[in-house]
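Have a look at query.pdb; it's PDB, N, CA and C atoms, pLDDT in the B column:
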ATOM      1  N   MET A  66       0.853  -1.167   0.000  1.00 82.00           N
ATOM      2  CA  MET A  66       0.000   0.000   0.000  1.00 82.00           C
ATOM      3  C   MET A  66       0.902   1.234   0.000  1.00 82.00           C
ATOM      4  N   THR A  67       0.605   2.159  -0.879  1.00 95.00           N
ATOM      5  CA  THR A  67       1.377   3.390  -0.996  1.00 95.00           C
ATOM      6  C   THR A  67       0.614   4.547  -0.372  1.00 95.00           C
ATOM      7  N   ILE A  68       1.325   5.386   0.349  1.00 97.00           N
ATOM      8  CA  ILE A  68       0.729   6.593   0.917  1.00 97.00           C
ATOM      9  C   ILE A  68       1.324   7.793   0.197  1.00 97.00           C
ATOM     10  N   LEU A  69       0.442   8.632  -0.329  1.00 97.00           N
ATOM     11  CA  LEU A  69       0.859   9.814  -1.084  1.00 97.00           C
ATOM     12  C   LEU A  69       0.874  11.043  -0.188  1.00 97.00           C
ATOM     13  N   ARG A  70       1.911  11.835  -0.326  1.00 96.00           N
ATOM     14  CA  ARG A  70       1.979  13.117   0.375  1.00 96.00           C
ATOM     15  C   ARG A  70       1.210  14.154  -0.449  1.00 96.00           C
ATOM     16  N   MET A  71       0.991  15.320   0.140  1.00 96.00           N
ATOM     17  CA  MET A  71       0.162  16.357  -0.478  1.00 96.00           C
ATOM     18  C   MET A  71       0.578  16.719  -1.907  1.00 96.00           C
ATOM     19  N   PRO A  72       1.861  16.943  -2.206  1.00 96.00           N
ATOM     20  CA  PRO A  72       2.200  17.293  -3.597  1.00 96.00           C
ATOM     21  C   PRO A  72       1.776  16.215  -4.598  1.00 96.00           C
ATOM     22  N   ALA A  73       1.913  14.962  -4.222  1.00 97.00           N
ATOM     23  CA  ALA A  73       1.501  13.877  -5.111  1.00 97.00           C
ATOM     24  C   ALA A  73      -0.014  13.812  -5.245  1.00 97.00           C
ATOM     25  N   VAL A  74      -0.725  14.060  -4.139  1.00 97.00           N
ATOM     26  CA  VAL A  74      -2.190  14.061  -4.179  1.00 97.00           C
ATOM     27  C   VAL A  74      -2.679  15.174  -5.105  1.00 97.00           C
ATOM     28  N   LYS A  75      -2.078  16.357  -4.975  1.00 97.00           N
ATOM     29  CA  LYS A  75      -2.475  17.470  -5.852  1.00 97.00           C
ATOM     30  C   LYS A  75      -2.197  17.125  -7.308  1.00 97.00           C
ATOM     31  N   ALA A  76      -1.059  16.506  -7.583  1.00 96.00           N
ATOM     32  CA  ALA A  76      -0.721  16.133  -8.959  1.00 96.00           C
ATOM     33  C   ALA A  76      -1.692  15.087  -9.503  1.00 96.00           C
ATOM     34  N   GLU A  77      -2.041  14.115  -8.677  1.00 96.00           N
ATOM     35  CA  GLU A  77      -2.949  13.050  -9.107  1.00 96.00           C
ATOM     36  C   GLU A  77      -4.368  13.553  -9.358  1.00 96.00           C
ATOM     37  N   THR A  78      -4.823  14.491  -8.526  1.00 96.00           N
ATOM     38  CA  THR A  78      -6.218  14.925  -8.593  1.00 96.00           C
ATOM     39  C   THR A  78      -6.428  16.162  -9.456  1.00 96.00           C
ATOM     40  N   GLY A  79      -5.372  16.910  -9.697  1.00 95.00           N
ATOM     41  CA  GLY A  79      -5.512  18.148 -10.453  1.00 95.00           C
ATOM     42  C   GLY A  79      -5.843  19.345  -9.594  1.00 95.00           C
ATOM     43  N   HIS A  80      -5.927  19.149  -8.284  1.00 92.00           N
ATOM     44  CA  HIS A  80      -6.146  20.282  -7.385  1.00 92.00           C
ATOM     45  C   HIS A  80      -4.909  21.158  -7.409  1.00 92.00           C
ATOM     46  N   ARG A  81      -5.114  22.463  -7.316  1.00 92.00           N
ATOM     47  CA  ARG A  81      -3.989  23.390  -7.391  1.00 92.00           C
ATOM     48  C   ARG A  81      -3.435  23.795  -6.036  1.00 92.00           C
ATOM     49  N   SER A  82      -4.202  23.597  -4.981  1.00 95.00           N
ATOM     50  CA  SER A  82      -3.737  24.066  -3.680  1.00 95.00           C
ATOM     51  C   SER A  82      -4.111  23.084  -2.583  1.00 95.00           C
ATOM     52  N   HIS A  83      -3.415  23.227  -1.457  1.00 94.00           N
ATOM     53  CA  HIS A  83      -3.753  22.444  -0.271  1.00 94.00           C
ATOM     54  C   HIS A  83      -5.186  22.751   0.139  1.00 94.00           C
ATOM     55  N   ALA A  84      -5.550  24.024   0.073  1.00 96.00           N
ATOM     56  CA  ALA A  84      -6.882  24.449   0.515  1.00 96.00           C
ATOM     57  C   ALA A  84      -7.986  23.754  -0.282  1.00 96.00           C
ATOM     58  N   SER A  85      -7.776  23.533  -1.568  1.00 96.00           N
ATOM     59  CA  SER A  85      -8.826  22.885  -2.355  1.00 96.00           C
ATOM     60  C   SER A  85      -9.015  21.432  -1.930  1.00 96.00           C
ATOM     61  N   ILE A  86      -7.932  20.768  -1.542  1.00 96.00           N
ATOM     62  CA  ILE A  86      -8.053  19.403  -1.020  1.00 96.00           C
ATOM     63  C   ILE A  86      -8.830  19.426   0.298  1.00 96.00           C
ATOM     64  N   TYR A  87      -8.434  20.323   1.194  1.00 95.00           N
ATOM     65  CA  TYR A  87      -9.104  20.385   2.500  1.00 95.00           C
ATOM     66  C   TYR A  87     -10.559  20.832   2.371  1.00 95.00           C
ATOM     67  N   ASN A  88     -10.879  21.673   1.393  1.00 97.00           N
ATOM     68  CA  ASN A  88     -12.275  22.036   1.150  1.00 97.00           C
ATOM     69  C   ASN A  88     -13.072  20.826   0.671  1.00 97.00           C
ATOM     70  N   ALA A  89     -12.454  19.997  -0.177  1.00 97.00           N
ATOM     71  CA  ALA A  89     -13.123  18.780  -0.643  1.00 97.00           C
ATOM     72  C   ALA A  89     -13.356  17.822   0.525  1.00 97.00           C
ATOM     73  N   ILE A  90     -12.388  17.732   1.442  1.00 97.00           N
ATOM     74  CA  ILE A  90     -12.557  16.884   2.626  1.00 97.00           C
ATOM     75  C   ILE A  90     -13.729  17.399   3.458  1.00 97.00           C
ATOM     76  N   LYS A  91     -13.757  18.711   3.676  1.00 98.00           N
ATOM     77  CA  LYS A  91     -14.832  19.316   4.472  1.00 98.00           C
ATOM     78  C   LYS A  91     -16.200  19.077   3.832  1.00 98.00           C
ATOM     79  N   ALA A  92     -16.238  19.055   2.495  1.00 98.00           N
ATOM     80  CA  ALA A  92     -17.493  18.833   1.781  1.00 98.00           C
ATOM     81  C   ALA A  92     -17.849  17.353   1.674  1.00 98.00           C
ATOM     82  N   GLY A  93     -16.966  16.477   2.174  1.00 98.00           N
ATOM     83  CA  GLY A  93     -17.227  15.042   2.109  1.00 98.00           C
ATOM     84  C   GLY A  93     -16.890  14.417   0.778  1.00 98.00           C
ATOM     85  N   LEU A  94     -16.127  15.143  -0.049  1.00 98.00           N
ATOM     86  CA  LEU A  94     -15.813  14.675  -1.392  1.00 98.00           C
ATOM     87  C   LEU A  94     -14.412  14.090  -1.515  1.00 98.00           C
ATOM     88  N   PHE A  95     -13.702  13.984  -0.393  1.00 98.00           N
ATOM     89  CA  PHE A  95     -12.353  13.424  -0.401  1.00 98.00           C
ATOM     90  C   PHE A  95     -12.102  12.834   0.976  1.00 98.00           C
ATOM     91  N   THR A  96     -11.311  11.793   1.031  1.00 97.00           N
ATOM     92  CA  THR A  96     -11.022  11.155   2.316  1.00 97.00           C
ATOM     93  C   THR A  96     -10.083  12.019   3.147  1.00 97.00           C
ATOM     94  N   THR A  97     -10.145  11.826   4.448  1.00 97.00           N
ATOM     95  CA  THR A  97      -9.227  12.531   5.331  1.00 97.00           C
ATOM     96  C   THR A  97      -7.852  11.882   5.227  1.00 97.00           C
ATOM     97  N   GLY A  98      -6.827  12.669   5.533  1.00 95.00           N
ATOM     98  CA  GLY A  98      -5.480  12.134   5.509  1.00 95.00           C
ATOM     99  C   GLY A  98      -5.230  11.231   6.704  1.00 95.00           C
ATOM    100  N   VAL A  99      -4.218  10.397   6.574  1.00 95.00           N
ATOM    101  CA  VAL A  99      -3.802   9.542   7.684  1.00 95.00           C
ATOM    102  C   VAL A  99      -2.491  10.087   8.231  1.00 95.00           C
ATOM    103  N   ALA A 100      -2.315  10.005   9.527  1.00 94.00           N
ATOM    104  CA  ALA A 100      -1.102  10.507  10.153  1.00 94.00           C
ATOM    105  C   ALA A 100       0.083   9.630   9.747  1.00 94.00           C
ATOM    106  N   ILE A 101       1.135  10.279   9.262  1.00 93.00           N
ATOM    107  CA  ILE A 101       2.356   9.547   8.933  1.00 93.00           C
ATOM    108  C   ILE A 101       3.540  10.104   9.720  1.00 93.00           C
ATOM    109  N   GLY A 102       3.244  11.006  10.611  1.00 92.00           N
ATOM    110  CA  GLY A 102       4.240  11.618  11.472  1.00 92.00           C
ATOM    111  C   GLY A 102       3.517  12.552  12.426  1.00 92.00           C
ATOM    112  N   GLN A 103       4.277  13.227  13.270  1.00 92.00           N
ATOM    113  CA  GLN A 103       3.642  14.136  14.220  1.00 92.00           C
ATOM    114  C   GLN A 103       2.897  15.274  13.543  1.00 92.00           C
ATOM    115  N   ARG A 104       3.456  15.782  12.455  1.00 91.00           N
ATOM    116  CA  ARG A 104       2.843  16.934  11.789  1.00 91.00           C
ATOM    117  C   ARG A 104       2.612  16.709  10.301  1.00 91.00           C
ATOM    118  N   SER A 105       2.510  15.461   9.892  1.00 93.00           N
ATOM    119  CA  SER A 105       2.332  15.207   8.462  1.00 93.00           C
ATOM    120  C   SER A 105       1.224  14.184   8.221  1.00 93.00           C
ATOM    121  N   LYS A 106       0.572  14.373   7.100  1.00 94.00           N
ATOM    122  CA  LYS A 106      -0.519  13.495   6.679  1.00 94.00           C
ATOM    123  C   LYS A 106      -0.213  12.979   5.288  1.00 94.00           C
ATOM    124  N   GLY A 107      -0.842  11.863   4.971  1.00 96.00           N
ATOM    125  CA  GLY A 107      -0.750  11.292   3.646  1.00 96.00           C
ATOM    126  C   GLY A 107      -2.078  10.633   3.313  1.00 96.00           C
ATOM    127  N   TRP A 108      -2.239  10.252   2.072  1.00 97.00           N
ATOM    128  CA  TRP A 108      -3.471   9.619   1.616  1.00 97.00           C
ATOM    129  C   TRP A 108      -3.133   8.313   0.929  1.00 97.00           C
ATOM    130  N   PRO A 109      -3.849   7.243   1.277  1.00 97.00           N
ATOM    131  CA  PRO A 109      -3.631   5.970   0.588  1.00 97.00           C
ATOM    132  C   PRO A 109      -3.875   6.139  -0.915  1.00 97.00           C
ATOM    133  N   ALA A 110      -2.932   5.668  -1.705  1.00 98.00           N
ATOM    134  CA  ALA A 110      -3.016   5.836  -3.160  1.00 98.00           C
ATOM    135  C   ALA A 110      -4.277   5.200  -3.731  1.00 98.00           C
ATOM    136  N   ASP A 111      -4.692   4.065  -3.182  1.00 97.00           N
ATOM    137  CA  ASP A 111      -5.886   3.410  -3.719  1.00 97.00           C
ATOM    138  C   ASP A 111      -7.141   4.246  -3.506  1.00 97.00           C
ATOM    139  N   GLU A 112      -7.201   5.002  -2.411  1.00 97.00           N
ATOM    140  CA  GLU A 112      -8.351   5.881  -2.176  1.00 97.00           C
ATOM    141  C   GLU A 112      -8.357   7.043  -3.164  1.00 97.00           C
ATOM    142  N   VAL A 113      -7.198   7.631  -3.404  1.00 98.00           N
ATOM    143  CA  VAL A 113      -7.086   8.731  -4.367  1.00 98.00           C
ATOM    144  C   VAL A 113      -7.502   8.235  -5.746  1.00 98.00           C
ATOM    145  N   GLN A 114      -7.044   7.048  -6.113  1.00 98.00           N
ATOM    146  CA  GLN A 114      -7.388   6.481  -7.422  1.00 98.00           C
ATOM    147  C   GLN A 114      -8.884   6.191  -7.533  1.00 98.00           C
ATOM    148  N   ALA A 115      -9.483   5.700  -6.463  1.00 98.00           N
ATOM    149  CA  ALA A 115     -10.925   5.397  -6.483  1.00 98.00           C
ATOM    150  C   ALA A 115     -11.747   6.670  -6.665  1.00 98.00           C
ATOM    151  N   ILE A 116     -11.354   7.730  -5.982  1.00 98.00           N
ATOM    152  CA  ILE A 116     -12.075   9.002  -6.109  1.00 98.00           C
ATOM    153  C   ILE A 116     -11.879   9.569  -7.511  1.00 98.00           C
ATOM    154  N   ASN A 117     -10.660   9.493  -8.035  1.00 98.00           N
ATOM    155  CA  ASN A 117     -10.411   9.958  -9.407  1.00 98.00           C
ATOM    156  C   ASN A 117     -11.252   9.169 -10.406  1.00 98.00           C
ATOM    157  N   ALA A 118     -11.315   7.863 -10.243  1.00 98.00           N
ATOM    158  CA  ALA A 118     -12.101   7.024 -11.153  1.00 98.00           C
ATOM    159  C   ALA A 118     -13.576   7.403 -11.111  1.00 98.00           C
ATOM    160  N   ALA A 119     -14.079   7.706  -9.921  1.00 98.00           N
ATOM    161  CA  ALA A 119     -15.478   8.115  -9.786  1.00 98.00           C
ATOM    162  C   ALA A 119     -15.724   9.438 -10.500  1.00 98.00           C
ATOM    163  N   ARG A 120     -14.802  10.374 -10.356  1.00 97.00           N
ATOM    164  CA  ARG A 120     -14.925  11.667 -11.054  1.00 97.00           C
ATOM    165  C   ARG A 120     -14.918  11.458 -12.566  1.00 97.00           C
ATOM    166  N   ILE A 121     -13.977  10.641 -13.038  1.00 97.00           N
ATOM    167  CA  ILE A 121     -13.863  10.385 -14.481  1.00 97.00           C
ATOM    168  C   ILE A 121     -15.126   9.723 -15.011  1.00 97.00           C
ATOM    169  N   ALA A 122     -15.721   8.845 -14.202  1.00 98.00           N
ATOM    170  CA  ALA A 122     -16.946   8.150 -14.603  1.00 98.00           C
ATOM    171  C   ALA A 122     -18.173   9.055 -14.558  1.00 98.00           C
ATOM    172  N   GLY A 123     -17.990  10.287 -14.078  1.00 98.00           N
ATOM    173  CA  GLY A 123     -19.097  11.232 -14.055  1.00 98.00           C
ATOM    174  C   GLY A 123     -20.043  11.057 -12.881  1.00 98.00           C
ATOM    175  N   LYS A 124     -19.555  10.451 -11.813  1.00 98.00           N
ATOM    176  CA  LYS A 124     -20.396  10.264 -10.633  1.00 98.00           C
ATOM    177  C   LYS A 124     -20.767  11.616 -10.022  1.00 98.00           C
ATOM    178  N   SER A 125     -21.937  11.673  -9.436  1.00 98.00           N
ATOM    179  CA  SER A 125     -22.412  12.902  -8.801  1.00 98.00           C
ATOM    180  C   SER A 125     -21.690  13.104  -7.471  1.00 98.00           C
ATOM    181  N   ASP A 126     -21.803  14.308  -6.938  1.00 97.00           N
ATOM    182  CA  ASP A 126     -21.213  14.585  -5.626  1.00 97.00           C
ATOM    183  C   ASP A 126     -21.794  13.662  -4.566  1.00 97.00           C
ATOM    184  N   ALA A 127     -23.084  13.385  -4.639  1.00 98.00           N
ATOM    185  CA  ALA A 127     -23.713  12.492  -3.661  1.00 98.00           C
ATOM    186  C   ALA A 127     -23.119  11.088  -3.756  1.00 98.00           C
ATOM    187  N   GLU A 128     -22.881  10.615  -4.965  1.00 98.00           N
ATOM    188  CA  GLU A 128     -22.286   9.286  -5.142  1.00 98.00           C
ATOM    189  C   GLU A 128     -20.844   9.266  -4.632  1.00 98.00           C
ATOM    190  N   ILE A 129     -20.121  10.356  -4.834  1.00 98.00           N
ATOM    191  CA  ILE A 129     -18.742  10.424  -4.354  1.00 98.00           C
ATOM    192  C   ILE A 129     -18.713  10.493  -2.834  1.00 98.00           C
ATOM    193  N   ARG A 130     -19.656  11.193  -2.231  1.00 98.00           N
ATOM    194  CA  ARG A 130     -19.745  11.212  -0.760  1.00 98.00           C
ATOM    195  C   ARG A 130     -19.962   9.805  -0.211  1.00 98.00           C
ATOM    196  N   GLU A 131     -20.799   9.027  -0.878  1.00 98.00           N
ATOM    197  CA  GLU A 131     -21.026   7.636  -0.461  1.00 98.00           C
ATOM    198  C   GLU A 131     -19.747   6.813  -0.621  1.00 98.00           C
ATOM    199  N   LEU A 132     -19.027   7.036  -1.706  1.00 98.00           N
ATOM    200  CA  LEU A 132     -17.750   6.357  -1.911  1.00 98.00           C
ATOM    201  C   LEU A 132     -16.780   6.699  -0.788  1.00 98.00           C
ATOM    202  N   VAL A 133     -16.694   7.968  -0.429  1.00 98.00           N
ATOM    203  CA  VAL A 133     -15.801   8.402   0.644  1.00 98.00           C
ATOM    204  C   VAL A 133     -16.188   7.722   1.955  1.00 98.00           C
ATOM    205  N   LYS A 134     -17.479   7.618   2.222  1.00 97.00           N
ATOM    206  CA  LYS A 134     -17.936   6.925   3.442  1.00 97.00           C
ATOM    207  C   LYS A 134     -17.503   5.466   3.421  1.00 97.00           C
ATOM    208  N   ARG A 135     -17.635   4.812   2.263  1.00 97.00           N
ATOM    209  CA  ARG A 135     -17.221   3.404   2.151  1.00 97.00           C
ATOM    210  C   ARG A 135     -15.710   3.268   2.343  1.00 97.00           C
ATOM    211  N   LEU A 136     -14.942   4.201   1.793  1.00 97.00           N
ATOM    212  CA  LEU A 136     -13.484   4.148   1.950  1.00 97.00           C
ATOM    213  C   LEU A 136     -13.081   4.324   3.414  1.00 97.00           C
ATOM    214  N   HIS A 137     -13.747   5.238   4.113  1.00 96.00           N
ATOM    215  CA  HIS A 137     -13.468   5.424   5.538  1.00 96.00           C
ATOM    216  C   HIS A 137     -13.860   4.170   6.331  1.00 96.00           C
ATOM    217  N   ALA A 138     -14.982   3.550   5.973  1.00 96.00           N
ATOM    218  CA  ALA A 138     -15.420   2.326   6.656  1.00 96.00           C
ATOM    219  C   ALA A 138     -14.410   1.206   6.418  1.00 96.00           C
ATOM    220  N   LYS A 139     -13.873   1.142   5.221  1.00 94.00           N
ATOM    221  CA  LYS A 139     -12.861   0.124   4.896  1.00 94.00           C
ATOM    222  C   LYS A 139     -11.611   0.324   5.753  1.00 94.00           C
ATOM    223  N   ARG A 140     -11.216   1.584   5.969  1.00 91.00           N
ATOM    224  CA  ARG A 140     -10.081   1.875   6.856  1.00 91.00           C
ATOM    225  C   ARG A 140     -10.337   1.347   8.250  1.00 91.00           C
ATOM    226  N   ALA A 141     -11.525   1.635   8.776  1.00 90.00           N
ATOM    227  CA  ALA A 141     -11.883   1.205  10.129  1.00 90.00           C
ATOM    228  C   ALA A 141     -11.858  -0.323  10.212  1.00 90.00           C
ATOM    229  N   GLU A 142     -12.344  -0.972   9.163  1.00 89.00           N
ATOM    230  CA  GLU A 142     -12.352  -2.439   9.117  1.00 89.00           C
ATOM    231  C   GLU A 142     -10.927  -2.980   9.123  1.00 89.00           C
ATOM    232  N   LEU A 143     -10.036  -2.362   8.365  1.00 86.00           N
ATOM    233  CA  LEU A 143      -8.636  -2.789   8.329  1.00 86.00           C
ATOM    234  C   LEU A 143      -7.959  -2.583   9.684  1.00 86.00           C
ATOM    235  N   ALA A 144      -8.355  -1.539  10.383  1.00 83.00           N
ATOM    236  CA  ALA A 144      -7.747  -1.232  11.688  1.00 83.00           C
ATOM    237  C   ALA A 144      -8.100  -2.285  12.736  1.00 83.00           C
ATOM    238  N   THR A 145      -9.256  -2.920  12.586  1.00 86.00           N
ATOM    239  CA  THR A 145      -9.676  -3.914  13.569  1.00 86.00           C
ATOM    240  C   THR A 145      -9.241  -5.323  13.173  1.00 86.00           C
ATOM    241  N   ALA A 146      -8.737  -5.488  11.968  1.00 73.00           N
ATOM    242  CA  ALA A 146      -8.332  -6.836  11.499  1.00 73.00           C
ATOM    243  C   ALA A 146      -6.996  -7.249  12.049  1.00 73.00           C
TER
END

Represent the structure contained in this file as structure tokens.
Amino acid sequence: MTILRMPAVKAETGHRSHASIYNAIKAGLFTTGVAIGQRSKGWPADEVQAINAARIAGKSDAEIRELVKRLHAKRAELATA
């Protein structure tokens, strides 16, 4: 499993700024970052790819919010395994 740092996430998604990623998180359209250090976050590459695929497929914001919920649930499931 690969964890992407912010510059890679921006490159993969086409977002131009950190703020646009965090706005998408606040809107429920992107997963939250995972702690990879005391002051750093990263995003699992498979989650970034899944969200990109949904956007490319023309999914609605509501459908992407559901995808984000499923991705977060999958994280929780992995944490208990």

Answer key for the PyMOL selection byres ((chain A and resi 116) around 8), residues as a VMD selection string = chain A and resid 78 94 to 96 110 to 115 117 to 122 129 132 to 133

inquiry  = What's the separation between atom N of Ala73 of chain A and atom N of Ser85 of chain A, in Å to one decimal place?
reply    =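 Atom-to-atom, atom N of Ala73 of chain A and atom N of Ser85 of chain A are spaced 13.2 Å apart.
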
task = Output as a count of residues only all residues of chain A that backbone DSSP marks as strand (DSSP E or B).
result = 8

inquiry  = Give me, as a list in words, all polymer residues having an atom no more than 12 Å from Ala100 of chain A, counting only C-alpha atoms and skipping those fewer than 5 positions away in the same chain.
reply    = Ile68, Leu69, Arg70, Ser105, Lys106, Gly107, Trp108 and Pro109 of chain A

Pull N, CA and C atoms from the residues just selected and write them as a PDB file, in the frame of the given file.
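Final output, saved to result.pdb:
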ATOM      1  N   ILE A  68       1.325   5.386   0.349  1.00 97.00           N
ATOM      2  CA  ILE A  68       0.729   6.593   0.917  1.00 97.00           C
ATOM      3  C   ILE A  68       1.324   7.793   0.197  1.00 97.00           C
ATOM      4  N   LEU A  69       0.442   8.632  -0.329  1.00 97.00           N
ATOM      5  CA  LEU A  69       0.859   9.814  -1.084  1.00 97.00           C
ATOM      6  C   LEU A  69       0.874  11.043  -0.188  1.00 97.00           C
ATOM      7  N   ARG A  70       1.911  11.835  -0.326  1.00 96.00           N
ATOM      8  CA  ARG A  70       1.979  13.117   0.375  1.00 96.00           C
ATOM      9  C   ARG A  70       1.210  14.154  -0.449  1.00 96.00           C
ATOM     10  N   SER A 105       2.510  15.461   9.892  1.00 93.00           N
ATOM     11  CA  SER A 105       2.332  15.207   8.462  1.00 93.00           C
ATOM     12  C   SER A 105       1.224  14.184   8.221  1.00 93.00           C
ATOM     13  N   LYS A 106       0.572  14.373   7.100  1.00 94.00           N
ATOM     14  CA  LYS A 106      -0.519  13.495   6.679  1.00 94.00           C
ATOM     15  C   LYS A 106      -0.213  12.979   5.288  1.00 94.00           C
ATOM     16  N   GLY A 107      -0.842  11.863   4.971  1.00 96.00           N
ATOM     17  CA  GLY A 107      -0.750  11.292   3.646  1.00 96.00           C
ATOM     18  C   GLY A 107      -2.078  10.633   3.313  1.00 96.00           C
ATOM     19  N   TRP A 108      -2.239  10.252   2.072  1.00 97.00           N
ATOM     20  CA  TRP A 108      -3.471   9.619   1.616  1.00 97.00           C
ATOM     21  C   TRP A 108      -3.133   8.313   0.929  1.00 97.00           C
ATOM     22  N   PRO A 109      -3.849   7.243   1.277  1.00 97.00           N
ATOM     23  CA  PRO A 109      -3.631   5.970   0.588  1.00 97.00           C
ATOM     24  C   PRO A 109      -3.875   6.139  -0.915  1.00 97.00           C
TER      25      PRO A 109
END

message = Give me, as an MDAnalysis selection string, the residues of chain A that a backbone DSSP run labels alpha helix (DSSP H).
response = chainID A and resid 71:78 83:91 110:121 126:145

I need segment 68-124 of chain A written out with C-alpha atoms, as a short mmCIF file (atom, residue, chain, number, x, y, z; two decimals), in the first residue's frame; please produce it.
data_model
loop_
_atom_site.label_atom_id
_atom_site.label_comp_id
_atom_site.auth_asym_id
_atom_site.auth_seq_id
_atom_site.Cartn_x
_atom_site.Cartn_y
_atom_site.Cartn_z
CA ILE A 68 0.73 6.59 0.92
CA LEU A 69 0.86 9.81 -1.08
CA ARG A 70 1.98 13.12 0.37
CA MET A 71 0.16 16.36 -0.48
CA PRO A 72 2.20 17.29 -3.60
CA ALA A 73 1.50 13.88 -5.11
CA VAL A 74 -2.19 14.06 -4.18
CA LYS A 75 -2.48 17.47 -5.85
CA ALA A 76 -0.72 16.13 -8.96
CA GLU A 77 -2.95 13.05 -9.11
CA THR A 78 -6.22 14.93 -8.59
CA GLY A 79 -5.51 18.15 -10.45
CA HIS A 80 -6.15 20.28 -7.38
CA ARG A 81 -3.99 23.39 -7.39
CA SER A 82 -3.74 24.07 -3.68
CA HIS A 83 -3.75 22.44 -0.27
CA ALA A 84 -6.88 24.45 0.51
CA SER A 85 -8.83 22.89 -2.35
CA ILE A 86 -8.05 19.40 -1.02
CA TYR A 87 -9.10 20.39 2.50
CA ASN A 88 -12.28 22.04 1.15
CA ALA A 89 -13.12 18.78 -0.64
CA ILE A 90 -12.56 16.88 2.63
CA LYS A 91 -14.83 19.32 4.47
CA ALA A 92 -17.49 18.83 1.78
CA GLY A 93 -17.23 15.04 2.11
CA LEU A 94 -15.81 14.67 -1.39
CA PHE A 95 -12.35 13.42 -0.40
CA THR A 96 -11.02 11.16 2.32
CA THR A 97 -9.23 12.53 5.33
CA GLY A 98 -5.48 12.13 5.51
CA VAL A 99 -3.80 9.54 7.68
CA ALA A 100 -1.10 10.51 10.15
CA ILE A 101 2.36 9.55 8.93
CA GLY A 102 4.24 11.62 11.47
CA GLN A 103 3.64 14.14 14.22
CA ARG A 104 2.84 16.93 11.79
CA SER A 105 2.33 15.21 8.46
CA LYS A 106 -0.52 13.49 6.68
CA GLY A 107 -0.75 11.29 3.65
CA TRP A 108 -3.47 9.62 1.62
CA PRO A 109 -3.63 5.97 0.59
CA ALA A 110 -3.02 5.84 -3.16
CA ASP A 111 -5.89 3.41 -3.72
CA GLU A 112 -8.35 5.88 -2.18
CA VAL A 113 -7.09 8.73 -4.37
CA GLN A 114 -7.39 6.48 -7.42
CA ALA A 115 -10.93 5.40 -6.48
CA ILE A 116 -12.07 9.00 -6.11
CA ASN A 117 -10.41 9.96 -9.41
CA ALA A 118 -12.10 7.02 -11.15
CA ALA A 119 -15.48 8.11 -9.79
CA ARG A 120 -14.93 11.67 -11.05
CA ILE A 121 -13.86 10.39 -14.48
CA ALA A 122 -16.95 8.15 -14.60
CA GLY A 123 -19.10 11.23 -14.05
CA LYS A 124 -20.40 10.26 -10.63
#
